[in-house]
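To start, the structure under review is shown below, and the notes come after it.
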Amino acid sequence: MESSKGRPVWRGEVKKVGTITVTDDTTGKTIKLPLLEGETGPRAIDVRKLYAETGYFTFDPGFTSTASCESAITYIDGDEGVLLHRGYAIQDLAENCDYLEVCHLLLRGELPNPQQKEDFERTITYHTMVHEQLSRFYSGFRRDAHPMAVMCGVTGALSAFYHDSTDILDPRQRMIAAHRLIAKMPTMAAMAYKYSVGQPFMYPRNDLSYAENFLYMTFGTPCETWKVDPVLARAMDKIFILHADHEQNASTSTVRLAGSSHANPFACIASGIAALWGPAHGGANEAVLLMLEEIGSVERIPEFIKRAKDKNDPFRLMGFGHRVYKNYDPRAKIMRQTCYEVLDVMGIKDEPHLAIAMELEKIALEDPYFVEKKLYPNVDFYSGIILKAMGFPTSMFTVLFALARTVGWISQWQEMIEDPQQKIGRPRQLYTGNPGRAFVPLNKRG
């Protein structure tokens with residue numbers, strides 16, 4: 001794989017470091033499977049020839065113990081609380097870069113130099129407008145349609161407007177599609193919000209940064225000059241950075257699986273949006289706000305803490321702990337600081353939900369039960385509070401997640417297309433249906 005400037009993107013090699021011997025106890029047959037090692041992280045057993053040699057499949061619901069691809073983009077060590085993009089720690093990127101620098105890194109393999117940064121920003125900025133006919137698509141949706149339903153539709157529809165960037169075998173067209181998706185997603189997301197509240201769409205402005213432009217298109221109106229608060233713009237930018245990519249999660253794997261059939265990139269990203277919409281994935285920060293509404297007041301917190309500790313009670317504290325991170329979510333510390341900065345600049349001190357959230361945070365960081373189980377506040381906990389404080393309705397939370405994750409999806413998609421080992425996805429199954437029945441004619445069925 002090469003960057004847009006023709007320089008190779010750094011990528012280590014998968015090495016065969018030995019074999020694993022597997023014995024079938026029912027027959028006594030023994031086979032050896034290659035043991036593979038990447039640059040870091042757990043080793044992997046290569047089972048590609050397992051079926052051919054044994055007639056067996058592996059059984060791994062959710063694919064939680066299966067490496068489905070090689071990737072040089074993102075690395076996570078959940079036990080140690082590590083998140084790297086192209087080798088860079090997420091903390092360093094969030095503190096020292098803006099979102100478009102991180103986009104350049106994910107998409108092209110390296111952080112940009114000053115000239116590359118200027119060129120990349122110009123390219124994205126001048127692709128932010130959408131085709132005027134696309135704006136008419138929105139009027140086909142009900143006003144109360146969920147913004148994620150709208151995003152699924154309009155993102156997939158991009159392929160009907162940009163035929164010059166759907167040839168996935170052309171590297172130039174792939175890059176143009178990537179630029180268009182990164183550039184137009186904030187515009188389409190802002191339009192989804194404006195449509196839901198009955199306000200006119202705001203055209204993007206080329207004099208604003210990526211995050212500023214999104215906030216302007218979302219909250220600005222033609223009636224007056226709307227200025228973006230720099231603290232809020234930086235907070236939005238950090239939210240984008242912290243959600244840019246997260247390895248082979250459900251939505252990213254969906255994008256790769258859709259892309260493995262050689263579907264066009266716009267359709268693949270639409271499939272990622274659909275997967276992200278689920279409350280078990282992208283809806284986590286929305287679930288935090290719903291939980292705060294359920295708790296209702298600070299006085300009721302002890303009652304819900306007691307329920308959270310009761311394994312027989314269905315209530316769960318949302319925004320605490322993480323399926324991947326068994327330690328502190330490295331993104332949460334950054335988001336926590338940003339949260340307090342936003343609350344301060346917005347002058348929010350007495351909002352009931354935020355008071356509940358801050359008390360829950362204090363308990364989770366001090367209560368032995370939560371500390372022992374490492375149920376620390378995660379990035380969704382703080383981002384939900386920030387977005388509420390900034391004025392976003394909860395229905396927009398997952399849309400913002402999709403906006404930020406688009407660069408991760410398209411980078412993963414591009415890497416998959418350029419992988420010579422790439423094949424169309426075809427998971428296997430453990431069949432539990434009827435093994436075979438004699439057909440009964442209609443007139444003889446009881």
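Labels used: A, B, ... for chains in the order of the structure tokens, numbers from 1 for residues in each chain, and numbers from 1 for ligands as shown.
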May I have the residues within 9 Å of Thr58 (chain A) as a PDB file with C-alpha atoms, in the first residue's frame, using only C-alpha atoms and disregarding those fewer than 3 positions away in the same chain?
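What ended up in out.pdb:
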```pdb
ATOM      1  CA  VAL A  47      -7.000 -22.259  10.709  1.00  0.00           C
ATOM      2  CA  LEU A  50      -8.504 -26.742   9.082  1.00  0.00           C
ATOM      3  CA  TYR A  51     -11.625 -27.697   7.130  1.00  0.00           C
ATOM      4  CA  ARG A 428     -19.660 -20.843   8.432  1.00  0.00           C
ATOM      5  CA  GLN A 429     -22.305 -22.179  10.782  1.00  0.00           C
TER       6      GLN A 429
END
```
Quick one: residues within 10 Å of Phe120 (chain A), only C-alpha atoms counted, chain neighbours fewer than 4 positions away excluded, as a PDB file with all heavy atoms, in the first residue's frame?
```pdb
ATOM      1  N   LEU A 100      -8.614  16.496  11.300  1.00  0.00           N
ATOM      2  CA  LEU A 100      -8.188  16.230   9.928  1.00  0.00           C
ATOM      3  C   LEU A 100      -6.766  15.694   9.862  1.00  0.00           C
ATOM      4  O   LEU A 100      -6.431  14.937   8.943  1.00  0.00           O
ATOM      5  CB  LEU A 100      -8.349  17.475   9.063  1.00  0.00           C
ATOM      6  CG  LEU A 100      -9.786  17.838   8.703  1.00  0.00           C
ATOM      7  CD1 LEU A 100      -9.836  19.018   7.739  1.00  0.00           C
ATOM      8  CD2 LEU A 100     -10.534  16.642   8.101  1.00  0.00           C
ATOM      9  N   GLU A 101      -5.908  16.060  10.814  1.00  0.00           N
ATOM     10  CA  GLU A 101      -4.581  15.442  10.874  1.00  0.00           C
ATOM     11  C   GLU A 101      -4.709  13.951  11.147  1.00  0.00           C
ATOM     12  O   GLU A 101      -4.001  13.120  10.561  1.00  0.00           O
ATOM     13  CB  GLU A 101      -3.737  16.087  11.967  1.00  0.00           C
ATOM     14  CG  GLU A 101      -3.189  17.460  11.644  1.00  0.00           C
ATOM     15  CD  GLU A 101      -2.338  17.993  12.782  1.00  0.00           C
ATOM     16  OE1 GLU A 101      -1.157  17.608  12.866  1.00  0.00           O
ATOM     17  OE2 GLU A 101      -2.874  18.777  13.597  1.00  0.00           O
ATOM     18  N   CYS A 103      -7.332  12.144  10.448  1.00  0.00           N
ATOM     19  CA  CYS A 103      -7.887  11.563   9.227  1.00  0.00           C
ATOM     20  C   CYS A 103      -6.774  11.252   8.232  1.00  0.00           C
ATOM     21  O   CYS A 103      -6.760  10.178   7.612  1.00  0.00           O
ATOM     22  CB  CYS A 103      -8.892  12.526   8.585  1.00  0.00           C
ATOM     23  SG  CYS A 103     -10.461  12.682   9.451  1.00  0.00           S
ATOM     24  N   HIS A 104      -5.863  12.183   8.061  1.00  0.00           N
ATOM     25  CA  HIS A 104      -4.723  11.985   7.155  1.00  0.00           C
ATOM     26  C   HIS A 104      -3.909  10.777   7.597  1.00  0.00           C
ATOM     27  O   HIS A 104      -3.494   9.945   6.789  1.00  0.00           O
ATOM     28  CB  HIS A 104      -3.853  13.250   7.131  1.00  0.00           C
ATOM     29  CG  HIS A 104      -2.780  13.253   6.080  1.00  0.00           C
ATOM     30  ND1 HIS A 104      -1.621  12.509   6.204  1.00  0.00           N
ATOM     31  CD2 HIS A 104      -2.686  13.912   4.887  1.00  0.00           C
ATOM     32  CE1 HIS A 104      -0.861  12.715   5.135  1.00  0.00           C
ATOM     33  NE2 HIS A 104      -1.490  13.545   4.323  1.00  0.00           N
ATOM     34  N   PRO A 112       0.556  14.360   8.586  1.00  0.00           N
ATOM     35  CA  PRO A 112       0.992  15.237   7.496  1.00  0.00           C
ATOM     36  C   PRO A 112       2.058  16.236   7.934  1.00  0.00           C
ATOM     37  O   PRO A 112       2.097  16.652   9.095  1.00  0.00           O
ATOM     38  CB  PRO A 112      -0.302  15.968   7.122  1.00  0.00           C
ATOM     39  CG  PRO A 112      -1.062  16.049   8.422  1.00  0.00           C
ATOM     40  CD  PRO A 112      -0.768  14.747   9.122  1.00  0.00           C
ATOM     41  N   PRO A 114       3.529  20.221   7.213  1.00  0.00           N
ATOM     42  CA  PRO A 114       2.715  21.439   7.040  1.00  0.00           C
ATOM     43  C   PRO A 114       2.075  21.587   5.664  1.00  0.00           C
ATOM     44  O   PRO A 114       0.899  21.955   5.553  1.00  0.00           O
ATOM     45  CB  PRO A 114       3.722  22.559   7.321  1.00  0.00           C
ATOM     46  CG  PRO A 114       4.674  21.951   8.302  1.00  0.00           C
ATOM     47  CD  PRO A 114       4.824  20.523   7.858  1.00  0.00           C
ATOM     48  N   GLN A 115       2.809  21.282   4.601  1.00  0.00           N
ATOM     49  CA  GLN A 115       2.247  21.423   3.261  1.00  0.00           C
ATOM     50  C   GLN A 115       1.167  20.379   3.001  1.00  0.00           C
ATOM     51  O   GLN A 115       0.110  20.673   2.416  1.00  0.00           O
ATOM     52  CB  GLN A 115       3.356  21.295   2.210  1.00  0.00           C
ATOM     53  CG  GLN A 115       2.879  21.560   0.777  1.00  0.00           C
ATOM     54  CD  GLN A 115       2.300  22.960   0.605  1.00  0.00           C
ATOM     55  OE1 GLN A 115       2.938  23.950   0.937  1.00  0.00           O
ATOM     56  NE2 GLN A 115       1.070  23.050   0.090  1.00  0.00           N
ATOM     57  N   GLN A 116       1.414  19.152   3.449  1.00  0.00           N
ATOM     58  CA  GLN A 116       0.422  18.097   3.281  1.00  0.00           C
ATOM     59  C   GLN A 116      -0.846  18.409   4.069  1.00  0.00           C
ATOM     60  O   GLN A 116      -1.960  18.149   3.605  1.00  0.00           O
ATOM     61  CB  GLN A 116       1.000  16.756   3.736  1.00  0.00           C
ATOM     62  CG  GLN A 116       2.075  16.199   2.820  1.00  0.00           C
ATOM     63  CD  GLN A 116       2.780  14.996   3.424  1.00  0.00           C
ATOM     64  OE1 GLN A 116       2.869  14.870   4.651  1.00  0.00           O
ATOM     65  NE2 GLN A 116       3.308  14.125   2.576  1.00  0.00           N
ATOM     66  N   ILE A 124     -10.525  18.575   1.592  1.00  0.00           N
ATOM     67  CA  ILE A 124     -11.731  18.245   2.349  1.00  0.00           C
ATOM     68  C   ILE A 124     -12.686  19.430   2.378  1.00  0.00           C
ATOM     69  O   ILE A 124     -13.898  19.284   2.148  1.00  0.00           O
ATOM     70  CB  ILE A 124     -11.373  17.803   3.783  1.00  0.00           C
ATOM     71  CG1 ILE A 124     -10.495  16.547   3.762  1.00  0.00           C
ATOM     72  CG2 ILE A 124     -12.639  17.561   4.600  1.00  0.00           C
ATOM     73  CD1 ILE A 124     -11.103  15.360   3.061  1.00  0.00           C
ATOM     74  N   THR A 125     -12.174  20.613   2.644  1.00  0.00           N
ATOM     75  CA  THR A 125     -13.013  21.810   2.739  1.00  0.00           C
ATOM     76  C   THR A 125     -13.791  22.062   1.455  1.00  0.00           C
ATOM     77  O   THR A 125     -14.978  22.406   1.487  1.00  0.00           O
ATOM     78  CB  THR A 125     -12.147  23.046   3.070  1.00  0.00           C
ATOM     79  OG1 THR A 125     -11.507  22.840   4.335  1.00  0.00           O
ATOM     80  CG2 THR A 125     -12.995  24.307   3.127  1.00  0.00           C
ATOM     81  N   HIS A 179     -12.288  11.046   0.259  1.00  0.00           N
ATOM     82  CA  HIS A 179     -12.333  12.488   0.524  1.00  0.00           C
ATOM     83  C   HIS A 179     -13.780  12.981   0.572  1.00  0.00           C
ATOM     84  O   HIS A 179     -14.150  13.781   1.437  1.00  0.00           O
ATOM     85  CB  HIS A 179     -11.569  13.244  -0.562  1.00  0.00           C
ATOM     86  CG  HIS A 179     -10.088  13.027  -0.506  1.00  0.00           C
ATOM     87  ND1 HIS A 179      -9.248  13.299  -1.567  1.00  0.00           N
ATOM     88  CD2 HIS A 179      -9.291  12.553   0.484  1.00  0.00           C
ATOM     89  CE1 HIS A 179      -8.009  13.003  -1.232  1.00  0.00           C
ATOM     90  NE2 HIS A 179      -8.001  12.552   0.001  1.00  0.00           N
TER      91      HIS A 179
END
```
- Task: Would you return as a PyMOL selection string the members of region 100-258 of chain A that DSSP assigns to helix (DSSP H, G or I) on this structure's backbone?
- Result: chain A and resi 100-108+114-125+132-140+147-160+163-165+171-197+210-219+230-242+250-258
I'd like the neighbourhood of region 393-403 of chain A as a JSON list (two decimals) with N, CA and C atoms, in the first residue's frame, where a residue qualifies if any of its atoms comes within 9 Å (using only C-alpha atoms), though same-chain residues fewer than 3 positions away should be ignored.
```json
[["chain", "number", "residue", "atom", "x", "y", "z"],
["A", 146, "HIS", "N", -35.99, 9.21, 12.65],
["A", 146, "HIS", "CA", -34.75, 9.23, 13.42],
["A", 146, "HIS", "C", -33.62, 9.66, 12.49],
["A", 147, "PRO", "N", -32.76, 10.58, 12.93],
["A", 147, "PRO", "CA", -31.67, 11.05, 12.08],
["A", 147, "PRO", "C", -30.78, 9.93, 11.53],
["A", 148, "MET", "N", -30.65, 8.82, 12.27],
["A", 148, "MET", "CA", -29.83, 7.72, 11.76],
["A", 148, "MET", "C", -30.52, 7.03, 10.58],
["A", 151, "MET", "N", -29.61, 9.21, 7.74],
["A", 151, "MET", "CA", -28.19, 9.07, 7.37],
["A", 151, "MET", "C", -27.95, 7.79, 6.58],
["A", 182, "ILE", "N", -15.54, 11.83, 3.91],
["A", 182, "ILE", "CA", -15.07, 12.57, 5.08],
["A", 182, "ILE", "C", -15.60, 14.01, 5.04],
["A", 185, "MET", "N", -19.90, 14.15, 5.17],
["A", 185, "MET", "CA", -20.63, 13.59, 6.30],
["A", 185, "MET", "C", -21.09, 14.67, 7.29],
["A", 186, "PRO", "N", -20.25, 15.67, 7.65],
["A", 186, "PRO", "CA", -20.75, 16.72, 8.55],
["A", 186, "PRO", "C", -21.92, 17.50, 7.95],
["A", 189, "ALA", "N", -24.99, 15.27, 8.11],
["A", 189, "ALA", "CA", -25.43, 15.11, 9.51],
["A", 189, "ALA", "C", -26.14, 16.37, 10.00],
["A", 192, "ALA", "N", -29.53, 16.54, 8.51],
["A", 192, "ALA", "CA", -30.47, 15.63, 9.19],
["A", 192, "ALA", "C", -31.05, 16.29, 10.44],
["A", 193, "TYR", "N", -30.20, 17.01, 11.17],
["A", 193, "TYR", "CA", -30.67, 17.72, 12.37],
["A", 193, "TYR", "C", -31.62, 18.85, 11.97],
["A", 239, "ILE", "N", -13.97, 14.99, 20.33],
["A", 239, "ILE", "CA", -14.94, 13.90, 20.23],
["A", 239, "ILE", "C", -14.76, 13.16, 18.91],
["A", 240, "PHE", "N", -14.55, 13.92, 17.83],
["A", 240, "PHE", "CA", -14.30, 13.29, 16.53],
["A", 240, "PHE", "C", -13.04, 12.42, 16.57],
["A", 243, "HIS", "N", -13.32, 9.11, 18.46],
["A", 243, "HIS", "CA", -14.22, 8.12, 17.87],
["A", 243, "HIS", "C", -13.83, 7.76, 16.44],
["A", 244, "ALA", "N", -12.65, 8.18, 15.99],
["A", 244, "ALA", "CA", -12.27, 8.04, 14.58],
["A", 244, "ALA", "C", -12.14, 6.58, 14.14],
["A", 272, "GLY", "N", -22.17, 0.41, 7.49],
["A", 272, "GLY", "CA", -21.54, 0.69, 8.79],
["A", 272, "GLY", "C", -22.43, 1.55, 9.66],
["A", 273, "ILE", "N", -23.09, 2.53, 9.07],
["A", 273, "ILE", "CA", -24.02, 3.39, 9.81],
["A", 273, "ILE", "C", -25.16, 2.55, 10.38],
["A", 276, "LEU", "N", -23.89, 0.60, 13.32],
["A", 276, "LEU", "CA", -23.60, 1.49, 14.44],
["A", 276, "LEU", "C", -24.85, 1.94, 15.17],
["A", 277, "TRP", "N", -25.97, 1.95, 14.46],
["A", 277, "TRP", "CA", -27.23, 2.45, 15.01],
["A", 277, "TRP", "C", -27.68, 1.65, 16.23],
["A", 282, "GLY", "N", -23.26, 1.91, 18.81],
["A", 282, "GLY", "CA", -23.14, 3.37, 18.79],
["A", 282, "GLY", "C", -24.10, 4.11, 19.68],
["A", 283, "GLY", "N", -25.14, 3.40, 20.17],
["A", 283, "GLY", "CA", -26.13, 4.07, 20.99],
["A", 283, "GLY", "C", -25.78, 4.15, 22.46],
["A", 284, "ALA", "N", -24.52, 3.83, 22.81],
["A", 284, "ALA", "CA", -24.16, 3.77, 24.23],
["A", 284, "ALA", "C", -24.24, 5.12, 24.93],
["A", 285, "ASN", "N", -23.80, 6.20, 24.26],
["A", 285, "ASN", "CA", -23.86, 7.50, 24.93],
["A", 285, "ASN", "C", -25.29, 8.01, 25.05],
["A", 286, "GLU", "N", -26.15, 7.61, 24.10],
["A", 286, "GLU", "CA", -27.57, 7.94, 24.23],
["A", 286, "GLU", "C", -28.17, 7.20, 25.42],
["A", 287, "ALA", "N", -27.72, 5.95, 25.63],
["A", 287, "ALA", "CA", -28.21, 5.15, 26.75],
["A", 287, "ALA", "C", -27.82, 5.78, 28.09],
["A", 289, "LEU", "N", -27.71, 9.00, 28.78],
["A", 289, "LEU", "CA", -28.68, 10.06, 29.08],
["A", 289, "LEU", "C", -30.03, 9.47, 29.50],
["A", 290, "LEU", "N", -30.42, 8.38, 28.88],
["A", 290, "LEU", "CA", -31.68, 7.72, 29.26],
["A", 290, "LEU", "C", -31.59, 7.18, 30.69],
["A", 383, "SER", "N", -18.96, 11.78, 26.80],
["A", 383, "SER", "CA", -19.39, 12.39, 25.54],
["A", 383, "SER", "C", -20.90, 12.65, 25.56],
["A", 384, "GLY", "N", -21.67, 11.77, 26.20],
["A", 384, "GLY", "CA", -23.10, 12.01, 26.31],
["A", 384, "GLY", "C", -23.40, 13.30, 27.07],
["A", 387, "LEU", "N", -22.36, 16.38, 24.82],
["A", 387, "LEU", "CA", -23.27, 16.63, 23.71],
["A", 387, "LEU", "C", -24.60, 17.21, 24.21],
["A", 388, "LYS", "N", -25.06, 16.74, 25.35],
["A", 388, "LYS", "CA", -26.29, 17.31, 25.93],
["A", 388, "LYS", "C", -26.07, 18.77, 26.30],
["A", 406, "THR", "N", -16.49, 7.71, 10.18],
["A", 406, "THR", "CA", -16.42, 7.54, 8.73],
["A", 406, "THR", "C", -14.99, 7.37, 8.24],
["A", 407, "VAL", "N", -14.06, 8.14, 8.77],
["A", 407, "VAL", "CA", -12.67, 8.03, 8.31],
["A", 407, "VAL", "C", -12.09, 6.67, 8.67]]
```
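Atom to atom, CA of Glu95 (chain A) and CA of Asn213 (chain A) stand 20.6 Å apart.
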- Task: Apply DSSP to the structure's backbone, then extract all residues of region 47-170 of chain A labelled strand (DSSP E) and return them as an MDAnalysis selection string.
- Result: chainID A and resid 74:77 82:85 88:89
Dump of all heavy atoms for the selected residues, as a PDB file, in the first residue's frame:
```pdb
ATOM      1  N   THR A  74      -5.183   0.314  13.443  1.00  0.00           N
ATOM      2  CA  THR A  74      -5.458   0.563  14.864  1.00  0.00           C
ATOM      3  C   THR A  74      -5.124  -0.664  15.695  1.00  0.00           C
ATOM      4  O   THR A  74      -5.393  -1.795  15.273  1.00  0.00           O
ATOM      5  CB  THR A  74      -6.939   0.937  15.067  1.00  0.00           C
ATOM      6  OG1 THR A  74      -7.216   2.151  14.351  1.00  0.00           O
ATOM      7  CG2 THR A  74      -7.260   1.162  16.541  1.00  0.00           C
ATOM      8  N   TYR A  75      -4.552  -0.414  16.869  1.00  0.00           N
ATOM      9  CA  TYR A  75      -4.240  -1.507  17.790  1.00  0.00           C
ATOM     10  C   TYR A  75      -4.794  -1.167  19.167  1.00  0.00           C
ATOM     11  O   TYR A  75      -4.641  -0.040  19.660  1.00  0.00           O
ATOM     12  CB  TYR A  75      -2.732  -1.717  17.905  1.00  0.00           C
ATOM     13  CG  TYR A  75      -2.350  -2.704  18.995  1.00  0.00           C
ATOM     14  CD1 TYR A  75      -2.617  -4.058  18.852  1.00  0.00           C
ATOM     15  CD2 TYR A  75      -1.764  -2.264  20.181  1.00  0.00           C
ATOM     16  CE1 TYR A  75      -2.299  -4.959  19.858  1.00  0.00           C
ATOM     17  CE2 TYR A  75      -1.432  -3.160  21.192  1.00  0.00           C
ATOM     18  CZ  TYR A  75      -1.705  -4.506  21.022  1.00  0.00           C
ATOM     19  OH  TYR A  75      -1.392  -5.393  22.022  1.00  0.00           O
ATOM     20  N   ILE A  76      -5.458  -2.147  19.783  1.00  0.00           N
ATOM     21  CA  ILE A  76      -6.024  -1.979  21.123  1.00  0.00           C
ATOM     22  C   ILE A  76      -5.501  -3.075  22.031  1.00  0.00           C
ATOM     23  O   ILE A  76      -5.501  -4.252  21.662  1.00  0.00           O
ATOM     24  CB  ILE A  76      -7.566  -2.042  21.096  1.00  0.00           C
ATOM     25  CG1 ILE A  76      -8.152  -0.886  20.288  1.00  0.00           C
ATOM     26  CG2 ILE A  76      -8.140  -2.015  22.510  1.00  0.00           C
ATOM     27  CD1 ILE A  76      -9.646  -1.008  20.042  1.00  0.00           C
ATOM     28  N   ASP A  77      -5.033  -2.696  23.211  1.00  0.00           N
ATOM     29  CA  ASP A  77      -4.726  -3.644  24.281  1.00  0.00           C
ATOM     30  C   ASP A  77      -5.665  -3.288  25.424  1.00  0.00           C
ATOM     31  O   ASP A  77      -5.407  -2.356  26.194  1.00  0.00           O
ATOM     32  CB  ASP A  77      -3.264  -3.537  24.719  1.00  0.00           C
ATOM     33  CG  ASP A  77      -2.885  -4.592  25.766  1.00  0.00           C
ATOM     34  OD1 ASP A  77      -3.786  -5.055  26.497  1.00  0.00           O
ATOM     35  OD2 ASP A  77      -1.695  -4.937  25.855  1.00  0.00           O
ATOM     36  N   VAL A  82      -4.646   0.537  26.199  1.00  0.00           N
ATOM     37  CA  VAL A  82      -3.842   1.127  25.133  1.00  0.00           C
ATOM     38  C   VAL A  82      -4.666   1.209  23.854  1.00  0.00           C
ATOM     39  O   VAL A  82      -5.343   0.251  23.467  1.00  0.00           O
ATOM     40  CB  VAL A  82      -2.571   0.292  24.873  1.00  0.00           C
ATOM     41  CG1 VAL A  82      -1.841   0.786  23.617  1.00  0.00           C
ATOM     42  CG2 VAL A  82      -1.644   0.344  26.073  1.00  0.00           C
ATOM     43  N   LEU A  83      -4.621   2.354  23.189  1.00  0.00           N
ATOM     44  CA  LEU A  83      -5.239   2.545  21.880  1.00  0.00           C
ATOM     45  C   LEU A  83      -4.254   3.297  20.999  1.00  0.00           C
ATOM     46  O   LEU A  83      -3.876   4.430  21.310  1.00  0.00           O
ATOM     47  CB  LEU A  83      -6.554   3.330  22.008  1.00  0.00           C
ATOM     48  CG  LEU A  83      -7.223   3.790  20.699  1.00  0.00           C
ATOM     49  CD1 LEU A  83      -7.532   2.613  19.790  1.00  0.00           C
ATOM     50  CD2 LEU A  83      -8.495   4.589  20.992  1.00  0.00           C
ATOM     51  N   LEU A  84      -3.824   2.660  19.913  1.00  0.00           N
ATOM     52  CA  LEU A  84      -2.858   3.256  18.995  1.00  0.00           C
ATOM     53  C   LEU A  84      -3.463   3.381  17.606  1.00  0.00           C
ATOM     54  O   LEU A  84      -4.121   2.456  17.128  1.00  0.00           O
ATOM     55  CB  LEU A  84      -1.587   2.391  18.891  1.00  0.00           C
ATOM     56  CG  LEU A  84      -0.848   1.996  20.166  1.00  0.00           C
ATOM     57  CD1 LEU A  84       0.344   1.089  19.812  1.00  0.00           C
ATOM     58  CD2 LEU A  84      -0.369   3.230  20.923  1.00  0.00           C
ATOM     59  N   HIS A  85      -3.208   4.512  16.949  1.00  0.00           N
ATOM     60  CA  HIS A  85      -3.540   4.692  15.534  1.00  0.00           C
ATOM     61  C   HIS A  85      -2.227   4.815  14.769  1.00  0.00           C
ATOM     62  O   HIS A  85      -1.456   5.754  14.996  1.00  0.00           O
ATOM     63  CB  HIS A  85      -4.375   5.951  15.308  1.00  0.00           C
ATOM     64  CG  HIS A  85      -5.768   5.868  15.860  1.00  0.00           C
ATOM     65  ND1 HIS A  85      -6.511   4.705  15.859  1.00  0.00           N
ATOM     66  CD2 HIS A  85      -6.564   6.822  16.424  1.00  0.00           C
ATOM     67  CE1 HIS A  85      -7.700   4.945  16.385  1.00  0.00           C
ATOM     68  NE2 HIS A  85      -7.755   6.211  16.743  1.00  0.00           N
ATOM     69  N   TYR A  88       0.667   5.586  16.957  1.00  0.00           N
ATOM     70  CA  TYR A  88       0.613   6.754  17.843  1.00  0.00           C
ATOM     71  C   TYR A  88      -0.447   6.558  18.930  1.00  0.00           C
ATOM     72  O   TYR A  88      -1.571   6.140  18.636  1.00  0.00           O
ATOM     73  CB  TYR A  88       0.273   8.029  17.061  1.00  0.00           C
ATOM     74  CG  TYR A  88       1.342   8.472  16.097  1.00  0.00           C
ATOM     75  CD1 TYR A  88       1.215   8.238  14.732  1.00  0.00           C
ATOM     76  CD2 TYR A  88       2.483   9.143  16.546  1.00  0.00           C
ATOM     77  CE1 TYR A  88       2.184   8.659  13.821  1.00  0.00           C
ATOM     78  CE2 TYR A  88       3.466   9.565  15.653  1.00  0.00           C
ATOM     79  CZ  TYR A  88       3.306   9.320  14.297  1.00  0.00           C
ATOM     80  OH  TYR A  88       4.275   9.730  13.415  1.00  0.00           O
ATOM     81  N   ALA A  89      -0.103   6.899  20.164  1.00  0.00           N
ATOM     82  CA  ALA A  89      -1.052   6.792  21.278  1.00  0.00           C
ATOM     83  C   ALA A  89      -2.183   7.789  21.087  1.00  0.00           C
ATOM     84  O   ALA A  89      -1.967   8.942  20.694  1.00  0.00           O
ATOM     85  CB  ALA A  89      -0.340   7.048  22.599  1.00  0.00           C
TER      86      ALA A  89
END
```
- Shell around region 254-271 of chain A at 8 Å using only C-alpha atoms, local window under 4 positions removed, as a PyMOL selection string: chain A and resi 151-153+155-159+166-168+174+177+181+250+275+406+409-410+412-413+416-417+422-425
- Nearest to Cys97 (chain A) by atom-to-atom distance, counting only C-alpha atoms, from A:Met202, A:Leu242, A:Ala274, A:Ala145: A:Leu242
- Query: Mind pulling up the distance from CA of Val102 (chain A) to CA of Leu343 (chain A)?
  - Reply: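 Separation of CA of Leu343 (chain A) and CA of Val102 (chain A): 25.7 Å.
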- From the list A:Lys184, A:Arg143, A:Arg437, A:His131, which residue is nearest Tyr162 (chain A) when using only C-alpha atoms? A:His131
- Interatomic distance (Å, one decimal) between CA of His163 (chain A) and CA of Gln133 (chain A):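 Those two atoms sit 14.8 Å apart.
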- Item | Exercise: Glu110 (chain A) partners within 9 Å, only C-alpha atoms, chain neighbours under 5 positions left out, as a ChimeraX atom specification | /A:3,9-10,86,102,104-105
